[in-house]
Amino acid sequence: MASAALSCQLSCPIARPNFSLRRSIPGSSTRSATQSFHTIDSRLRLVCSGKGCRSVVAMAGSGKCFVGGNWKCNGTKESIVRLISDLNSSKLEPDVDVVVAPPFLYIEQVKSTLTDRIEIAAQNCWIGKGGAFTGEISAEQLKDIGCKWVILGHSERRHVMGENNEFIGKKAAYASSQGVGIIACIGELLEEREARKTFDVCFQQLKAFADALPSWENVVIAYEPVWAIGTGKVATPEQAQEVHAAIRDWLNKNVSSEVASETRIIYGGSVNGSNCSELAKKEDIDGFLVGGASLKGPDFASIVNSVASKKVTA
Ligand code: PEP
């Protein structure tokens, strides 16, 4: 915790970001970054301008880190009563945006019993306006019941339900047009990492969001390596930071420097109350998306509080 980088995150004066972040990767193309990623680790440490911290103008309007809890297909009315009671009695530091994503069925129960301090996300939505789409939920309906966010592109939807980039892009475009915030998930499979395709995969998934989104104002990117989700095998802080910094660099080159500096990039994959603090020290980790540990109120609160005060605003 005593690292210079962290104290800088807490106290650095904010300057306009200088995105000539890569110190010694030759060229700036996606390809060269991808090729360098697994081979020259030390050269992938990104160096911010100024005093070694990420210089960010303001994060997504709020200037706060973001922690989401993805409950997936878990819970009963009874277990949710207990979880809500734990969450309501937890001390959550004020300077973190906190969201939970219950199964659709329980959103109403959660909405009516959970403290307003925590916002609600859905775990999915349909690609467009509602109608004759059996089993689907539209973005308008999410808005109607007070869901401010939706998780899109989660690895389980990509790899279990078979959703592809184009389909996910359509969902993102429509949800965004309805004013629903998007938690845009990207991440590589183990075999893709082993084949040195981490950057290629993440950038393709990111591009699908970028091509579809009319605005990045209400978007949080969740980098979730698939091999880390629900496996207990968390990415090391260095592994996560490398990809987060590369994502920010991609946004800078392909969207805009404002979007690169303002968009929160959160990490997901086996985050828990014990490993969150080390991850939170990394300068490009702006919070977490949490699965299993979000079902335990005290653990989730610890994770939220691990990023408290980490904002990097002017
Ligand atoms: C997730 O499902 O988004 C996730 C990160 O799960 P877990 O924390 O259980 O790995």
# chains A, B, ... in the order shown; residues from 1 in each chain; ligands from 1

$ residues_near_ligand --ligand "ligand 1" --cutoff "7 Å" --atoms "only C-alpha atoms and all ligand atoms" --output "ChimeraX atom specification"
/A:70,72,154,224,228-232,268-271,289-293

$ write_last_selection --atoms "N, CA and C atoms" --output "PDB file, in the first residue's frame"
ATOM      1  N   ASN A  70     -22.063  -9.207  -9.728  1.00  0.00           N
ATOM      2  CA  ASN A  70     -22.856  -9.992 -10.678  1.00  0.00           C
ATOM      3  C   ASN A  70     -23.329 -11.262  -9.982  1.00  0.00           C
ATOM      4  N   LYS A  72     -25.328 -13.443 -11.038  1.00  0.00           N
ATOM      5  CA  LYS A  72     -25.573 -14.527 -12.001  1.00  0.00           C
ATOM      6  C   LYS A  72     -26.900 -15.221 -11.694  1.00  0.00           C
ATOM      7  N   HIS A 154     -20.801 -10.520 -21.297  1.00  0.00           N
ATOM      8  CA  HIS A 154     -20.187 -11.362 -20.268  1.00  0.00           C
ATOM      9  C   HIS A 154     -19.729 -12.681 -20.902  1.00  0.00           C
ATOM     10  N   GLU A 224     -12.309  -9.063 -18.163  1.00  0.00           N
ATOM     11  CA  GLU A 224     -12.495 -10.298 -17.401  1.00  0.00           C
ATOM     12  C   GLU A 224     -11.890 -11.472 -18.167  1.00  0.00           C
ATOM     13  N   ALA A 228     -10.064 -16.678 -15.564  1.00  0.00           N
ATOM     14  CA  ALA A 228     -10.080 -16.244 -14.153  1.00  0.00           C
ATOM     15  C   ALA A 228     -11.497 -16.207 -13.587  1.00  0.00           C
ATOM     16  N   ILE A 229     -12.502 -16.336 -14.439  1.00  0.00           N
ATOM     17  CA  ILE A 229     -13.878 -16.175 -13.951  1.00  0.00           C
ATOM     18  C   ILE A 229     -14.361 -17.451 -13.272  1.00  0.00           C
ATOM     19  N   GLY A 230     -14.669 -17.322 -12.015  1.00  0.00           N
ATOM     20  CA  GLY A 230     -15.237 -18.448 -11.258  1.00  0.00           C
ATOM     21  C   GLY A 230     -14.270 -19.590 -11.040  1.00  0.00           C
ATOM     22  N   THR A 231     -12.976 -19.371 -11.274  1.00  0.00           N
ATOM     23  CA  THR A 231     -12.008 -20.458 -11.171  1.00  0.00           C
ATOM     24  C   THR A 231     -11.160 -20.362  -9.911  1.00  0.00           C
ATOM     25  N   GLY A 232     -11.214 -19.202  -9.253  1.00  0.00           N
ATOM     26  CA  GLY A 232     -10.329 -19.003  -8.107  1.00  0.00           C
ATOM     27  C   GLY A 232      -8.921 -18.631  -8.545  1.00  0.00           C
ATOM     28  N   GLY A 268     -12.399  -8.085 -13.615  1.00  0.00           N
ATOM     29  CA  GLY A 268     -13.220  -9.155 -13.051  1.00  0.00           C
ATOM     30  C   GLY A 268     -12.568 -10.513 -13.266  1.00  0.00           C
ATOM     31  N   GLY A 269     -12.736 -11.388 -12.285  1.00  0.00           N
ATOM     32  CA  GLY A 269     -12.184 -12.739 -12.381  1.00  0.00           C
ATOM     33  C   GLY A 269     -11.612 -13.135 -11.044  1.00  0.00           C
ATOM     34  N   SER A 270     -12.451 -13.819 -10.232  1.00  0.00           N
ATOM     35  CA  SER A 270     -12.022 -14.364  -8.940  1.00  0.00           C
ATOM     36  C   SER A 270     -11.503 -13.296  -7.971  1.00  0.00           C
ATOM     37  N   VAL A 271     -12.085 -12.098  -8.060  1.00  0.00           N
ATOM     38  CA  VAL A 271     -11.731 -11.072  -7.069  1.00  0.00           C
ATOM     39  C   VAL A 271     -12.417 -11.424  -5.753  1.00  0.00           C
ATOM     40  N   LEU A 289     -15.510  -6.032 -11.288  1.00  0.00           N
ATOM     41  CA  LEU A 289     -16.778  -6.741 -11.471  1.00  0.00           C
ATOM     42  C   LEU A 289     -16.600  -8.073 -10.741  1.00  0.00           C
ATOM     43  N   VAL A 290     -17.501  -8.330  -9.832  1.00  0.00           N
ATOM     44  CA  VAL A 290     -17.311  -9.440  -8.892  1.00  0.00           C
ATOM     45  C   VAL A 290     -18.456 -10.429  -9.028  1.00  0.00           C
ATOM     46  N   GLY A 291     -18.134 -11.706  -9.184  1.00  0.00           N
ATOM     47  CA  GLY A 291     -19.172 -12.730  -9.251  1.00  0.00           C
ATOM     48  C   GLY A 291     -19.383 -13.352  -7.881  1.00  0.00           C
ATOM     49  N   GLY A 292     -18.724 -14.488  -7.651  1.00  0.00           N
ATOM     50  CA  GLY A 292     -18.928 -15.281  -6.437  1.00  0.00           C
ATOM     51  C   GLY A 292     -18.892 -14.468  -5.149  1.00  0.00           C
ATOM     52  N   ALA A 293     -17.879 -13.609  -5.011  1.00  0.00           N
ATOM     53  CA  ALA A 293     -17.720 -12.880  -3.747  1.00  0.00           C
ATOM     54  C   ALA A 293     -18.801 -11.813  -3.557  1.00  0.00           C
TER      55      ALA A 293
END

$ select_by_dssp --residues "range 84-314 of chain A" --states "strand (DSSP E)" --output "ChimeraX atom specification"
/A:96-101,119-122,149-152,181-186,219-223,264-268,287-290

$ closest_residue --among "A:Leu190, A:Val160, A:Ala172, A:Ile107" --to "Trp126 in chain A" --atoms "only C-alpha atoms"
A:Ala172

$ closest_residue --among "A:Ser177, A:Gln239, A:Gln109, A:Ser277" --to "Val307 in chain A" --atoms "only C-alpha atoms"
A:Ser277

$ residues_around --residues "Pro103 in chain A" --least-positions-apart "4" --cutoff "12 Å" --atoms "only C-alpha atoms" --output "ChimeraX atom specification"
/A:69-77,80,107-111,120-125,137,147,150-151

$ residues_around --residues "Ala212 in chain A" --least-positions-apart "2" --cutoff "7 Å" --atoms "only C-alpha atoms" --output "MDAnalysis selection string"
chainID A and resid 169:170 172:173 208:210 214

$ closest_residue --among "A:Val255, A:Val243, A:Ala308, A:Val100" --to "Arg193 in chain A" --atoms "only C-alpha atoms"
A:Val243

$ residues_around --residues "Asp97 in chain A" --least-positions-apart "3" --cutoff "7 Å" --atoms "only C-alpha atoms" --output "CSV table (one decimal) with N, CA and C atoms, in the first residue's frame"
chain,number,residue,atom,x,y,z
A,64,LYS,N,-15.3,8.6,-9.8
A,64,LYS,CA,-15.3,7.6,-8.8
A,64,LYS,C,-14.9,6.2,-9.5
A,65,CYS,N,-14.3,5.4,-8.7
A,65,CYS,CA,-14.2,4.0,-9.1
A,65,CYS,C,-15.6,3.3,-9.1
A,66,PHE,N,-15.6,2.1,-9.7
A,66,PHE,CA,-16.9,1.4,-9.9
A,66,PHE,C,-16.7,0.0,-9.5
A,67,VAL,N,-17.6,-0.5,-8.7
A,67,VAL,CA,-17.6,-1.9,-8.3
A,67,VAL,C,-19.0,-2.5,-8.5

$ residues_around --residues "Ile285 in chain A" --least-positions-apart "3" --cutoff "9 Å" --atoms "only C-alpha atoms" --output "JSON, numbers by chain"
{"A": [65, 237, 240, 241, 244, 245, 264, 265, 266, 267, 279, 280, 281, 282, 288]}

$ closest_residue --among "A:Ser257, A:Ser176, A:Asp286, A:Lys296" --to "Ser309 in chain A" --atoms "only C-alpha atoms"
A:Asp286

$ atom_distance --atom1 "CA of Asp299 in chain A" --atom2 "CA of Ile84 in chain A"
13.2 Å

$ closest_residue --among "A:Val259, A:Ala139, A:Ala132, A:Ile118" --to "Leu92 in chain A" --atoms "only C-alpha atoms"
A:Ile118

$ select_by_dssp --residues "range 82-118 of chain A" --states "alpha helix (DSSP H)" --output "list of chain:residue names"
A:Arg82, A:Leu83, A:Ile84, A:Ser85, A:Asp86, A:Leu87, A:Asn88, A:Ser89, A:Ile107, A:Glu108, A:Gln109, A:Val110, A:Lys111, A:Ser112, A:Thr113

$ residues_around --residues "range 163-167 of chain A" --least-positions-apart "3" --cutoff "8 Å" --atoms "only C-alpha atoms" --output "PyMOL selection string"
chain A and resi 127+153+157-159+170-171+205+208-209

$ closest_residue --among "A:Asp211, A:Glu192, A:Asp95, A:Glu78" --to "Pro225 in chain A" --atoms "only C-alpha atoms"
A:Glu192
